[in-house]
>>> print(open('structure-v2.txt').read())   # compact mmCIF, C-alpha atoms and all ligand atoms
# COMPACT_ATOMS: atom_id res chain seq x y z
CA MET A 1 -20.08 29.99 -62.92
CA LYS A 2 -21.62 28.06 -60.05
CA HIS A 3 -20.83 28.67 -56.41
CA THR A 4 -22.15 27.13 -53.23
CA ASN A 5 -23.25 28.98 -50.12
CA VAL A 6 -23.03 26.92 -46.95
CA VAL A 7 -24.76 27.97 -43.74
CA ARG A 8 -25.55 26.12 -40.56
CA VAL A 9 -29.21 25.37 -39.84
CA LEU A 10 -30.43 25.74 -36.26
CA PRO A 11 -33.68 23.77 -35.89
CA ASP A 12 -35.45 23.66 -32.52
CA LYS A 13 -36.40 20.33 -30.98
CA GLN A 14 -39.68 19.97 -32.83
CA GLN A 15 -38.22 21.14 -36.14
CA LYS A 16 -35.40 18.64 -35.75
CA GLN A 17 -37.99 15.86 -35.61
CA ILE A 18 -39.69 17.16 -38.75
CA LEU A 19 -36.34 17.30 -40.58
CA GLU A 20 -35.68 13.73 -39.52
CA ILE A 21 -39.08 12.62 -40.83
CA ILE A 22 -38.53 14.31 -44.20
CA GLY A 23 -34.94 13.04 -44.34
CA ASP A 24 -36.09 9.51 -43.64
CA ARG A 25 -38.70 9.72 -46.40
CA CYS A 26 -35.99 10.93 -48.80
CA ALA A 27 -33.90 7.90 -47.85
CA ALA A 28 -36.91 5.61 -48.36
CA LEU A 29 -37.49 6.96 -51.88
CA TYR A 30 -33.78 6.95 -52.67
CA ASN A 31 -33.50 3.32 -51.63
CA ALA A 32 -36.60 2.32 -53.60
CA VAL A 33 -35.17 3.93 -56.75
CA GLN A 34 -31.79 2.38 -56.10
CA TYR A 35 -33.37 -1.06 -55.65
CA ARG A 36 -35.10 -0.71 -59.04
CA CYS A 37 -31.87 0.39 -60.76
CA ARG A 38 -29.75 -2.30 -59.13
CA GLN A 39 -32.19 -5.03 -60.11
CA ALA A 40 -32.09 -3.86 -63.72
CA PHE A 41 -28.31 -3.63 -63.63
CA PHE A 42 -27.76 -7.10 -62.16
CA ARG A 43 -30.19 -8.63 -64.68
CA GLY A 44 -28.06 -7.08 -67.41
CA GLU A 45 -30.76 -4.63 -68.50
CA PRO A 46 -30.09 -0.93 -69.06
CA VAL A 47 -30.54 1.22 -65.96
CA PRO A 48 -33.73 3.31 -66.46
CA SER A 49 -33.28 6.98 -67.31
CA TYR A 50 -34.27 9.84 -65.01
CA ALA A 51 -37.42 10.55 -67.02
CA ALA A 52 -38.41 6.86 -67.00
CA LEU A 53 -37.86 6.67 -63.24
CA CYS A 54 -39.96 9.81 -62.68
CA SER A 55 -42.99 8.38 -64.50
CA GLU A 56 -42.47 4.98 -62.94
CA PHE A 57 -42.40 6.33 -59.39
CA GLU A 58 -45.17 8.91 -59.87
CA GLU A 59 -47.67 6.82 -57.89
CA HIS A 60 -45.16 5.27 -55.50
CA PRO A 61 -46.06 5.90 -51.82
CA ALA A 62 -42.49 7.00 -51.01
CA TYR A 63 -42.69 9.61 -53.78
CA LYS A 64 -46.14 10.80 -52.80
CA ALA A 65 -45.01 11.30 -49.20
CA LEU A 66 -42.77 14.16 -50.34
CA PRO A 67 -43.37 17.50 -52.06
CA SER A 68 -42.70 16.95 -55.79
CA ASP A 69 -39.75 19.36 -55.81
CA ILE A 70 -38.01 17.18 -53.23
CA GLY A 71 -39.13 13.83 -54.66
CA GLN A 72 -37.88 14.59 -58.17
CA GLU A 73 -34.56 15.77 -56.83
CA VAL A 74 -34.12 12.56 -54.82
CA ILE A 75 -34.74 10.50 -57.97
CA LYS A 76 -32.26 12.67 -59.85
CA LYS A 77 -29.70 12.15 -57.09
CA ALA A 78 -30.15 8.38 -57.23
CA ARG A 79 -29.81 8.32 -61.03
CA LYS A 80 -26.74 10.57 -60.93
CA ALA A 81 -25.00 8.00 -58.74
CA TRP A 82 -25.24 5.65 -61.74
CA ASP A 83 -23.89 8.27 -64.12
CA SER A 84 -20.79 8.64 -61.95
CA TYR A 85 -20.55 4.87 -61.56
CA PHE A 86 -20.44 4.39 -65.34
CA ALA A 87 -18.03 7.30 -65.77
CA CYS A 88 -15.66 5.75 -63.19
CA LEU A 89 -16.02 2.36 -64.83
CA ARG A 90 -14.90 3.83 -68.15
CA LEU A 91 -11.89 5.43 -66.44
CA TYR A 92 -11.06 2.13 -64.75
CA ARG A 93 -11.20 0.23 -68.05
CA LYS A 94 -8.89 2.82 -69.59
CA GLY A 95 -6.51 2.26 -66.67
CA ASP A 96 -6.85 5.80 -65.31
CA ILE A 97 -7.94 4.72 -61.83
CA PRO A 98 -6.48 1.80 -59.91
CA ARG A 99 -9.60 0.23 -58.38
CA PRO A 100 -13.00 -0.57 -59.93
CA PRO A 101 -15.85 1.64 -58.62
CA ARG A 102 -18.52 0.21 -56.37
CA VAL A 103 -22.08 -0.23 -57.60
CA PRO A 104 -24.31 2.53 -56.11
CA GLY A 105 -25.74 1.42 -52.77
CA TYR A 106 -28.43 2.38 -50.31
CA TRP A 107 -28.66 5.10 -47.70
CA LYS A 108 -28.52 2.77 -44.76
CA ASP A 109 -26.30 1.77 -41.90
CA ARG A 110 -24.38 -1.26 -43.03
CA ARG A 111 -24.19 -2.75 -39.54
CA THR A 112 -27.76 -2.27 -38.36
CA GLY A 113 -29.45 -2.14 -41.77
CA LYS A 114 -31.41 0.92 -40.65
CA ARG A 115 -32.18 3.75 -43.07
CA LEU A 116 -29.90 6.77 -42.72
CA VAL A 117 -30.93 10.41 -42.82
CA ARG A 118 -28.38 11.96 -45.13
CA LEU A 119 -29.87 14.88 -46.97
CA ILE A 120 -32.96 16.64 -48.21
CA PRO A 121 -32.52 18.01 -51.73
CA VAL A 122 -34.85 20.74 -52.99
CA LYS A 123 -35.06 21.24 -56.72
CA SER A 124 -35.74 24.91 -57.26
CA PRO A 125 -36.15 28.20 -55.40
CA ARG A 126 -39.86 27.89 -56.16
CA SER A 127 -40.22 25.74 -53.07
CA TYR A 128 -37.58 27.16 -50.78
CA SER A 129 -36.16 30.50 -49.77
CA LEU A 130 -32.88 31.30 -48.12
CA ASP A 131 -31.83 34.66 -46.76
CA ALA A 132 -29.29 35.85 -44.21
CA ARG A 133 -31.32 34.68 -41.23
CA THR A 134 -33.65 31.86 -42.26
CA VAL A 135 -34.29 29.04 -44.66
CA SER A 136 -37.84 27.93 -45.37
CA LEU A 137 -39.21 25.08 -47.41
CA THR A 138 -42.51 23.55 -48.41
CA LEU A 139 -43.75 20.81 -46.09
CA PRO A 140 -45.29 17.51 -47.23
CA THR A 141 -49.10 17.82 -47.12
CA ASP A 142 -49.61 15.49 -44.17
CA LEU A 143 -47.21 17.49 -41.97
CA ARG A 144 -48.82 20.86 -42.63
CA GLU A 145 -51.85 21.13 -40.31
CA LYS A 146 -51.05 23.44 -37.42
CA ARG A 147 -47.71 24.66 -38.64
CA GLY A 148 -48.79 26.15 -41.94
CA ASP A 149 -47.40 25.22 -45.36
CA ARG A 150 -43.80 25.95 -44.69
CA LEU A 151 -41.04 24.97 -42.34
CA VAL A 152 -39.07 28.06 -41.32
CA LEU A 153 -35.65 27.39 -39.81
CA ARG A 154 -33.10 29.75 -38.32
CA THR A 155 -29.66 29.79 -39.96
CA LYS A 156 -26.23 30.96 -38.95
CA GLY A 157 -23.50 31.96 -41.37
CA LEU A 158 -22.70 34.23 -44.25
CA LEU A 159 -24.07 34.01 -47.78
CA ARG A 160 -20.83 34.57 -49.65
CA PHE A 161 -22.17 34.43 -53.19
CA HIS A 162 -25.05 36.26 -54.75
CA GLY A 163 -26.64 35.33 -58.03
CA ARG A 164 -29.44 33.26 -59.45
CA PRO A 165 -30.42 30.64 -56.83
CA LYS A 166 -30.50 27.01 -58.01
CA THR A 167 -30.92 23.87 -55.94
CA LEU A 168 -30.73 23.63 -52.17
CA GLU A 169 -29.58 20.68 -50.09
CA LEU A 170 -30.12 20.29 -46.39
CA LYS A 171 -27.35 17.98 -45.25
CA TYR A 172 -27.01 16.15 -41.98
CA ASP A 173 -23.52 15.71 -40.59
CA PRO A 174 -23.74 12.67 -38.27
CA VAL A 175 -20.26 13.28 -36.84
CA ARG A 176 -21.05 16.80 -35.64
CA LYS A 177 -24.76 16.05 -35.30
CA ARG A 178 -25.61 19.22 -37.15
CA TRP A 179 -27.65 20.28 -40.15
CA TYR A 180 -26.22 22.47 -42.92
CA ALA A 181 -27.81 24.14 -45.92
CA HIS A 182 -25.88 24.06 -49.19
CA GLN A 183 -27.25 26.41 -51.82
CA VAL A 184 -26.00 26.52 -55.39
CA VAL A 185 -26.07 29.95 -57.04
CA GLU A 186 -25.30 30.82 -60.63
CA VAL A 187 -22.96 33.82 -60.79
CA PRO A 188 -22.13 35.51 -64.12
CA GLU A 189 -18.57 34.96 -65.33
CA PRO A 190 -16.25 37.81 -64.35
CA VAL A 191 -15.52 40.04 -67.33
CA ARG A 192 -11.89 39.72 -68.27
CA LYS A 193 -10.37 43.12 -68.81
CA VAL A 194 -8.29 43.36 -71.93
CA ARG A 195 -4.80 43.42 -70.54
CA PRO A 196 -1.44 42.63 -72.06
CA GLU A 197 -0.73 38.91 -71.90
CA LYS A 198 1.39 37.93 -68.94
CA HIS A 199 2.17 34.35 -67.96
CA ALA A 200 2.92 32.45 -64.80
CA ALA A 201 3.46 28.76 -64.05
CA ILE A 202 3.04 26.39 -61.12
CA ASP A 203 4.84 23.18 -60.31
CA LEU A 204 3.13 21.00 -57.70
CA GLY A 205 5.05 18.77 -55.32
CA ALA A 206 5.11 16.96 -52.03
CA ARG A 207 7.85 18.92 -50.22
CA VAL A 208 7.22 22.23 -51.91
CA LEU A 209 3.47 22.21 -52.46
CA VAL A 210 3.52 25.02 -54.99
CA ALA A 211 6.48 26.49 -56.85
CA LEU A 212 5.37 29.63 -58.65
CA ALA A 213 7.27 31.32 -61.48
CA ILE A 214 6.01 34.63 -62.84
CA GLU A 215 7.10 36.13 -66.14
CA GLY A 216 9.53 39.00 -65.64
CA LEU A 217 10.01 38.26 -61.95
CA GLY A 218 13.58 37.30 -61.08
CA ARG A 219 12.74 35.13 -58.11
CA GLN A 220 10.37 32.21 -57.83
CA LEU A 221 7.98 31.72 -54.93
CA LEU A 222 7.97 28.45 -53.01
CA PHE A 223 5.21 27.33 -50.62
CA SER A 224 6.63 24.78 -48.23
CA ALA A 225 4.65 21.67 -47.30
CA ARG A 226 6.53 21.27 -44.01
CA GLU A 227 4.06 22.73 -41.51
CA VAL A 228 1.07 21.33 -43.39
CA ILE A 229 2.48 17.81 -43.28
CA LYS A 230 3.49 18.19 -39.63
CA ASP A 231 -0.08 19.03 -38.73
CA PHE A 232 -1.39 16.19 -40.90
CA LEU A 233 0.95 13.73 -39.16
CA TYR A 234 -0.11 14.94 -35.73
CA TRP A 235 -3.74 14.12 -36.46
CA THR A 236 -2.77 10.85 -38.14
CA ASN A 237 -1.12 9.96 -34.85
CA GLN A 238 -4.24 10.85 -32.90
CA ILE A 239 -6.25 8.65 -35.24
CA ALA A 240 -3.87 5.73 -34.69
CA LYS A 241 -4.18 6.16 -30.92
CA GLU A 242 -7.95 6.13 -31.05
CA GLN A 243 -7.87 3.10 -33.36
CA SER A 244 -5.73 1.07 -30.98
CA ARG A 245 -7.98 2.09 -28.10
CA LEU A 246 -10.98 0.83 -30.08
CA ASN A 247 -9.13 -2.37 -30.98
CA ARG A 248 -8.54 -3.13 -27.32
CA ALA A 249 -12.24 -2.62 -26.70
CA GLY A 250 -13.08 -4.89 -29.64
CA ARG A 251 -14.71 -2.11 -31.63
CA LYS A 252 -14.14 -0.88 -35.15
CA THR A 253 -15.24 2.71 -35.14
CA SER A 254 -16.50 5.48 -32.93
CA ARG A 255 -17.86 8.97 -33.31
CA LYS A 256 -14.57 10.29 -31.94
CA LEU A 257 -12.66 8.43 -34.66
CA ARG A 258 -14.86 9.84 -37.39
CA ARG A 259 -14.46 13.27 -35.82
CA LEU A 260 -10.66 12.96 -35.95
CA TYR A 261 -10.74 11.97 -39.61
CA GLN A 262 -12.97 14.95 -40.33
CA LEU A 263 -10.70 17.30 -38.39
CA ARG A 264 -7.60 16.13 -40.21
CA ALA A 265 -9.23 16.59 -43.60
CA ARG A 266 -10.60 20.00 -42.69
CA ARG A 267 -7.31 21.31 -41.38
CA LEU A 268 -5.56 20.21 -44.58
CA ARG A 269 -8.27 21.83 -46.66
CA HIS A 270 -7.95 25.06 -44.67
CA ALA A 271 -4.25 25.31 -45.56
CA PHE A 272 -4.98 24.56 -49.22
CA VAL A 273 -7.83 27.05 -49.52
CA ALA A 274 -5.61 29.74 -48.02
CA LEU A 275 -2.77 28.75 -50.36
CA ALA A 276 -4.99 28.97 -53.43
CA ALA A 277 -6.25 32.38 -52.31
CA GLU A 278 -2.70 33.64 -51.71
CA VAL A 279 -1.61 32.42 -55.15
CA ALA A 280 -4.56 34.17 -56.81
CA ARG A 281 -3.76 37.36 -54.87
CA ILE A 282 -0.12 37.31 -55.97
CA LEU A 283 -1.05 36.65 -59.61
CA LYS A 284 -3.51 39.52 -59.55
CA ARG A 285 -0.94 41.87 -58.04
CA HIS A 286 1.47 41.01 -60.85
CA ARG A 287 -1.30 41.42 -63.44
CA VAL A 288 -0.93 37.86 -64.68
CA THR A 289 -3.50 36.83 -67.31
CA THR A 290 -2.66 33.15 -67.88
CA LEU A 291 -1.46 30.49 -65.47
CA PHE A 292 0.13 27.26 -66.66
CA LEU A 293 -0.77 24.62 -64.11
CA GLU A 294 1.07 21.34 -64.02
CA ASP A 295 -1.00 18.24 -64.65
CA LEU A 296 -0.88 15.73 -61.85
CA THR A 297 0.79 12.95 -63.82
CA GLY A 298 4.15 14.39 -62.83
CA ILE A 299 3.57 13.81 -59.15
CA ARG A 300 2.67 10.20 -59.61
CA GLU A 301 5.92 9.58 -61.44
CA ASP A 302 7.92 11.39 -58.81
CA THR A 303 8.77 8.80 -56.18
CA ASP A 304 9.11 11.37 -53.44
CA PHE A 305 5.93 12.01 -51.51
CA GLY A 306 7.33 14.01 -48.64
CA PRO A 307 8.49 12.89 -45.22
CA LYS A 308 7.32 9.38 -44.38
CA ASN A 309 5.57 9.31 -47.76
CA VAL A 310 2.65 10.80 -45.89
CA LEU A 311 0.81 11.95 -48.96
CA VAL A 312 1.35 8.84 -51.05
CA HIS A 313 -1.96 7.36 -50.07
CA ASN A 314 -3.56 10.75 -50.19
CA PHE A 315 -3.29 11.51 -53.84
CA TRP A 316 -6.69 13.13 -53.57
CA ALA A 317 -4.97 15.89 -51.58
CA PHE A 318 -3.10 17.05 -54.68
CA ARG A 319 -6.21 16.88 -56.78
CA MET A 320 -7.97 19.02 -54.19
CA LEU A 321 -5.13 21.57 -54.15
CA ARG A 322 -5.12 21.72 -57.93
CA ASN A 323 -8.89 22.18 -58.09
CA LEU A 324 -8.79 24.89 -55.44
CA ILE A 325 -6.09 26.82 -57.32
CA GLU A 326 -8.10 26.51 -60.51
CA ALA A 327 -11.25 27.79 -58.80
CA ALA A 328 -9.46 30.71 -57.11
CA CYS A 329 -7.97 31.77 -60.46
CA ALA A 330 -11.35 31.49 -62.19
CA ARG A 331 -12.81 33.83 -59.57
CA ALA A 332 -9.96 36.28 -60.13
CA GLY A 333 -10.50 36.16 -63.92
CA ILE A 334 -7.18 34.42 -64.64
CA LYS A 335 -7.11 31.79 -67.36
CA VAL A 336 -5.75 28.39 -66.30
CA VAL A 337 -4.05 26.20 -68.91
CA PRO A 338 -3.22 22.62 -67.89
CA MET A 339 0.28 21.53 -68.82
CA GLU A 340 1.69 18.10 -69.41
CA PRO A 341 5.15 18.46 -67.91
CA ARG A 342 7.86 16.96 -70.08
CA GLY A 343 11.17 16.58 -68.30
CA THR A 344 10.70 19.92 -66.61
CA SER A 345 12.85 18.98 -63.64
CA SER A 346 15.71 17.47 -65.61
CA ARG A 347 16.84 20.47 -67.66
CA CYS A 348 18.30 23.87 -66.76
CA ALA A 349 15.79 26.66 -67.32
CA VAL A 350 18.44 29.05 -68.61
CA CYS A 351 20.51 26.97 -71.03
CA GLY A 352 18.40 23.82 -71.44
CA HIS A 353 21.27 21.54 -70.50
CA PRO A 354 20.57 18.43 -68.35
CA VAL A 355 20.96 19.05 -64.63
CA ARG A 356 22.54 17.01 -61.88
CA ARG A 357 20.56 16.38 -58.67
CA PRO A 358 23.13 16.00 -55.87
CA VAL A 359 20.35 16.26 -53.27
CA ARG A 360 16.60 16.09 -53.72
CA HIS A 361 15.90 19.83 -53.65
CA LYS A 362 18.89 21.00 -55.67
CA ALA A 363 19.53 21.02 -59.40
CA VAL A 364 23.00 21.88 -60.65
CA CYS A 365 23.50 22.74 -64.30
CA GLU A 366 26.54 21.00 -65.74
CA LYS A 367 27.01 23.51 -68.53
CA CYS A 368 26.46 26.97 -67.10
CA GLY A 369 27.12 25.97 -63.49
CA ARG A 370 23.95 27.51 -62.10
CA VAL A 371 22.60 26.06 -58.86
CA TRP A 372 18.83 25.92 -58.80
CA HIS A 373 16.23 25.08 -56.28
CA ALA A 374 14.85 22.05 -58.12
CA ASP A 375 11.20 23.08 -57.88
CA ALA A 376 11.88 26.70 -58.86
CA ASN A 377 13.70 25.37 -61.93
CA ALA A 378 10.76 23.09 -62.76
CA ALA A 379 8.25 25.93 -62.45
CA LEU A 380 10.36 28.15 -64.71
CA ASN A 381 10.63 25.32 -67.24
CA ILE A 382 6.84 24.94 -67.27
CA LEU A 383 6.58 28.70 -67.82
CA LEU A 384 8.96 28.49 -70.79
CA GLN A 385 7.18 25.43 -72.17
CA GLY A 386 3.78 27.11 -71.80
CA SER A 387 4.69 30.38 -73.47
CA SER A 388 6.65 28.30 -76.03
CA LYS A 389 9.79 30.33 -75.51
CA GLU A 390 13.33 29.16 -76.05
CA HIS A 391 15.72 28.61 -73.22
CA GLY A 392 18.13 31.36 -72.35
CA ALA A 393 15.49 33.77 -71.10
CA GLU A 394 16.28 36.66 -68.82
CA ALA A 395 16.49 34.30 -65.87
CA THR A 396 19.45 34.34 -63.60
CA PRO A 397 18.35 32.35 -60.58
CA GLN A 398 17.92 34.44 -57.47
CA LYS A 399 17.26 32.85 -54.13
CA PRO A 400 13.59 31.91 -54.25
CA LEU A 401 11.16 33.48 -51.80
CA ALA A 402 9.86 30.89 -49.33
CA TYR A 403 6.41 30.90 -47.80
CA ARG A 404 5.36 28.78 -44.86
CA TRP A 405 2.00 27.94 -43.30
CA ASP A 406 1.61 29.35 -39.79
CA ARG A 407 -1.75 27.57 -39.37
CA HIS A 408 -3.59 30.79 -40.09
CA ARG A 409 -2.01 32.21 -43.20
CA TRP A 410 0.89 31.77 -45.56
CA VAL A 411 3.78 34.03 -44.55
CA SER A 412 7.05 34.75 -46.26
CA ARG A 413 10.20 35.27 -44.26
CA PHE A 414 10.69 38.78 -45.59
CA LYS A 415 7.19 39.96 -44.90
CA PRO A 416 6.73 40.69 -41.22
CA ALA A 417 3.28 40.66 -39.69
CA ALA A 418 1.15 43.75 -40.29
CA GLY A 419 1.70 45.13 -36.79
CA THR A 420 5.46 45.10 -36.91
CA LEU A 421 5.48 46.62 -40.37
CA LYS A 422 3.52 49.59 -39.13
CA ALA A 423 5.79 49.93 -36.09
CA ALA A 424 8.88 49.83 -38.28
CA SER A 425 7.64 52.49 -40.69
CA GLY A 426 6.50 54.56 -37.70
CA SER A 427 9.93 54.53 -36.16
CA ARG A 428 11.47 55.44 -39.50
CA THR A 429 9.38 58.59 -39.81
CA ALA A 430 10.20 59.43 -36.21
CA ALA A 431 13.90 59.16 -36.97
ZN ZN B 501 22.38 25.91 -67.42
>>> encode(input="structure-v2.txt", output="structure tokens")
Amino acid sequence: MKHTNVVRVLPDKQQKQILEIIGDRCAALYNAVQYRCRQAFFRGEPVPSYAALCSEFEEHPAYKALPSDIGQEVIKKARKAWDSYFACLRLYRKGDIPRPPRVPGYWKDRRTGKRLVRLIPVKSPRSYSLDARTVSLTLPTDLREKRGDRLVLRTKGLLRFHGRPKTLELKYDPVRKRWYAHQVVEVPEPVRKVRPEKHAAIDLGARVLVALAIEGLGRQLLFSAREVIKDFLYWTNQIAKEQSRLNRAGRKTSRKLRRLYQLRARRLRHAFVALAAEVARILKRHRVTTLFLEDLTGIREDTDFGPKNVLVHNFWAFRMLRNLIEAACARAGIKVVPMEPRGTSSRCAVCGHPVRRPVRHKAVCEKCGRVWHADANAALNILLQGSSKEHGAEATPQKPLAYRWDRHRWVSRFKPAAGTLKAASGSRTAA
């Protein structure tokens, strides 16, 4: 299993200049490779392979200006852009994505045409080292002189994962004007303990982000999208304000605008990461071994995308949430099985009879008269479908347990904050 450590890099003034020089050389090589590939592509020839590009660029001045472990990685990066381009093209032809992908471009500012410093990739830990305090990498020969062979930079942050180090990327964030180091480490798969099989299922949605049903648990857990969407809308508003300000000034973009976009995306991601972690924690507590996770096709068919359809243009958000849940479960040693939902929200989970939907969030069974929360019913149906059980399970719907995002963590109504819980139990013992 691969994980990525991310730490901030704190170069001093002089080191910043060196990083910019190396970054610019990476962009020069990247663009040269991209030019070669694009020419081949537009002439209708096959795009050269990574190996062919390596031997072709061996004597190229842009390649020779970099240590080979960086140069090769830049070529690989450029070639990989074509791999993803062709993969997306195949998906587009199959009708899986709505728009055709764009042909890989250059690392340059489209307005000014100037080369952009984006990142410095380093192939293997042979030519870099990263520990809790510093990152160091081999310098190009012409930059060595007084400073020695290596560039040693201070870092700030925690190395969360330990394992076999793989590639390193020094990335420049132009919005924050900061450098970050992303290190990939290979961590051995967690050993799954042999435990009795226990299943759980998740239904994803726009109003209830996650509806979780656990085998043998009478009540389902619902994670409300309300606060998350409210926050998202607030920042969307801020973006609109900045955009109209720019319009009046006759400008298209600003650093502030890019910053707002970044903030909005990060705040959404924060909520989703915390949600995925909470789900994994709950599953672990209930000793769940397999999770049935709804495939995203269901959401696309559902016409409801939450208040003001805020997430309709942000389908990527659901993909991100799904991926995060999958990753959190993988870390916890829980198997994830994707499920193609088939009419999971139209039948009663107890008797299998079609349900009526008087309002969006309610499902009323016409046969047994049960009143469901629609998403809880859907999650339970996915659970039944996944464990290939018949309807008429133990389930009698209890009121589902609702969780909401308080911008720090996901809290349920019945679980008071840690402090009050202690106070309450304290007073009980006193009494
Ligand atoms: Zn029923």
>>> residues_near_ligand(input="structure-v2.txt", ligand="ligand ZN 501 (chain B)", cutoff="6 Å", atoms="only C-alpha atoms and all ligand atoms", output="PyMOL selection string")
chain A and resi 348+350-351+353+365+367-368+370
>>> write_last_selection(input="structure-v2.txt", atoms="C-alpha atoms", output="compact mmCIF listing (two decimals), in the coordinates of the input")
# COMPACT_ATOMS: atom_id res chain seq x y z
CA CYS A 348 18.30 23.87 -66.76
CA VAL A 350 18.44 29.05 -68.61
CA CYS A 351 20.51 26.97 -71.03
CA HIS A 353 21.27 21.54 -70.50
CA CYS A 365 23.50 22.74 -64.30
CA LYS A 367 27.01 23.51 -68.53
CA CYS A 368 26.46 26.97 -67.10
CA ARG A 370 23.95 27.51 -62.10
>>> atom_distance(input="structure-v2.txt", atom1="CA of Tyr85 (chain A)", atom2="CA of Gly105 (chain A)")
10.8 Å
>>> closest_residue(input="structure-v2.txt", among="A:Arg154, A:Lys80, A:Lys389, A:Arg8", to="Glu215 (chain A)", atoms="all atoms listed in the file")
A:Lys389
>>> closest_residue(input="structure-v2.txt", among="A:Val9, A:Ala201, A:Val279, A:Leu263", to="Val337 (chain A)", atoms="all atoms listed in the file")
A:Ala201
>>> atom_distance(input="structure-v2.txt", atom1="CA of Lys335 (chain A)", atom2="CA of Arg267 (chain A)")
28.0 Å
>>> decode(input="structure-v2.txt", residues="region 326-337 of chain A", atoms="N, CA, C and O atoms", output="PDB file, in the first residue's frame")
ATOM      1  N   GLU A 326     -12.912   4.648   0.984  1.00  0.00           N
ATOM      2  CA  GLU A 326     -12.217   3.428   0.579  1.00  0.00           C
ATOM      3  C   GLU A 326     -10.823   3.357   1.202  1.00  0.00           C
ATOM      4  O   GLU A 326     -10.414   2.317   1.718  1.00  0.00           O
ATOM      5  N   ALA A 327     -10.111   4.488   1.162  1.00  0.00           N
ATOM      6  CA  ALA A 327      -8.748   4.523   1.690  1.00  0.00           C
ATOM      7  C   ALA A 327      -8.741   4.318   3.199  1.00  0.00           C
ATOM      8  O   ALA A 327      -7.909   3.580   3.732  1.00  0.00           O
ATOM      9  N   ALA A 328      -9.683   4.966   3.900  1.00  0.00           N
ATOM     10  CA  ALA A 328      -9.733   4.845   5.361  1.00  0.00           C
ATOM     11  C   ALA A 328     -10.015   3.398   5.761  1.00  0.00           C
ATOM     12  O   ALA A 328      -9.447   2.886   6.729  1.00  0.00           O
ATOM     13  N   CYS A 329     -10.900   2.731   5.002  1.00  0.00           N
ATOM     14  CA  CYS A 329     -11.222   1.329   5.296  1.00  0.00           C
ATOM     15  C   CYS A 329     -10.021   0.432   5.009  1.00  0.00           C
ATOM     16  O   CYS A 329      -9.747  -0.494   5.775  1.00  0.00           O
ATOM     17  N   ALA A 330      -9.310   0.720   3.927  1.00  0.00           N
ATOM     18  CA  ALA A 330      -8.129  -0.079   3.593  1.00  0.00           C
ATOM     19  C   ALA A 330      -7.113   0.009   4.724  1.00  0.00           C
ATOM     20  O   ALA A 330      -6.507  -0.996   5.109  1.00  0.00           O
ATOM     21  N   ARG A 331      -6.944   1.211   5.273  1.00  0.00           N
ATOM     22  CA  ARG A 331      -6.002   1.381   6.389  1.00  0.00           C
ATOM     23  C   ARG A 331      -6.460   0.602   7.613  1.00  0.00           C
ATOM     24  O   ARG A 331      -5.651   0.105   8.372  1.00  0.00           O
ATOM     25  N   ALA A 332      -7.779   0.510   7.812  1.00  0.00           N
ATOM     26  CA  ALA A 332      -8.303  -0.183   8.987  1.00  0.00           C
ATOM     27  C   ALA A 332      -8.437  -1.685   8.739  1.00  0.00           C
ATOM     28  O   ALA A 332      -8.911  -2.418   9.602  1.00  0.00           O
ATOM     29  N   GLY A 333      -8.033  -2.147   7.547  1.00  0.00           N
ATOM     30  CA  GLY A 333      -8.101  -3.580   7.240  1.00  0.00           C
ATOM     31  C   GLY A 333      -9.515  -4.075   6.966  1.00  0.00           C
ATOM     32  O   GLY A 333      -9.818  -5.238   7.197  1.00  0.00           O
ATOM     33  N   ILE A 334     -10.383  -3.180   6.483  1.00  0.00           N
ATOM     34  CA  ILE A 334     -11.757  -3.578   6.151  1.00  0.00           C
ATOM     35  C   ILE A 334     -11.889  -3.675   4.638  1.00  0.00           C
ATOM     36  O   ILE A 334     -11.450  -2.790   3.909  1.00  0.00           O
ATOM     37  N   LYS A 335     -12.460  -4.788   4.179  1.00  0.00           N
ATOM     38  CA  LYS A 335     -12.598  -4.988   2.746  1.00  0.00           C
ATOM     39  C   LYS A 335     -13.735  -4.141   2.204  1.00  0.00           C
ATOM     40  O   LYS A 335     -14.795  -4.072   2.817  1.00  0.00           O
ATOM     41  N   VAL A 336     -13.511  -3.486   1.059  1.00  0.00           N
ATOM     42  CA  VAL A 336     -14.563  -2.665   0.457  1.00  0.00           C
ATOM     43  C   VAL A 336     -15.025  -3.323  -0.842  1.00  0.00           C
ATOM     44  O   VAL A 336     -14.217  -3.643  -1.706  1.00  0.00           O
ATOM     45  N   VAL A 337     -16.320  -3.571  -0.947  1.00  0.00           N
ATOM     46  CA  VAL A 337     -16.885  -4.176  -2.154  1.00  0.00           C
ATOM     47  C   VAL A 337     -17.801  -3.159  -2.820  1.00  0.00           C
ATOM     48  O   VAL A 337     -18.774  -2.719  -2.211  1.00  0.00           O
TER      49      VAL A 337
END
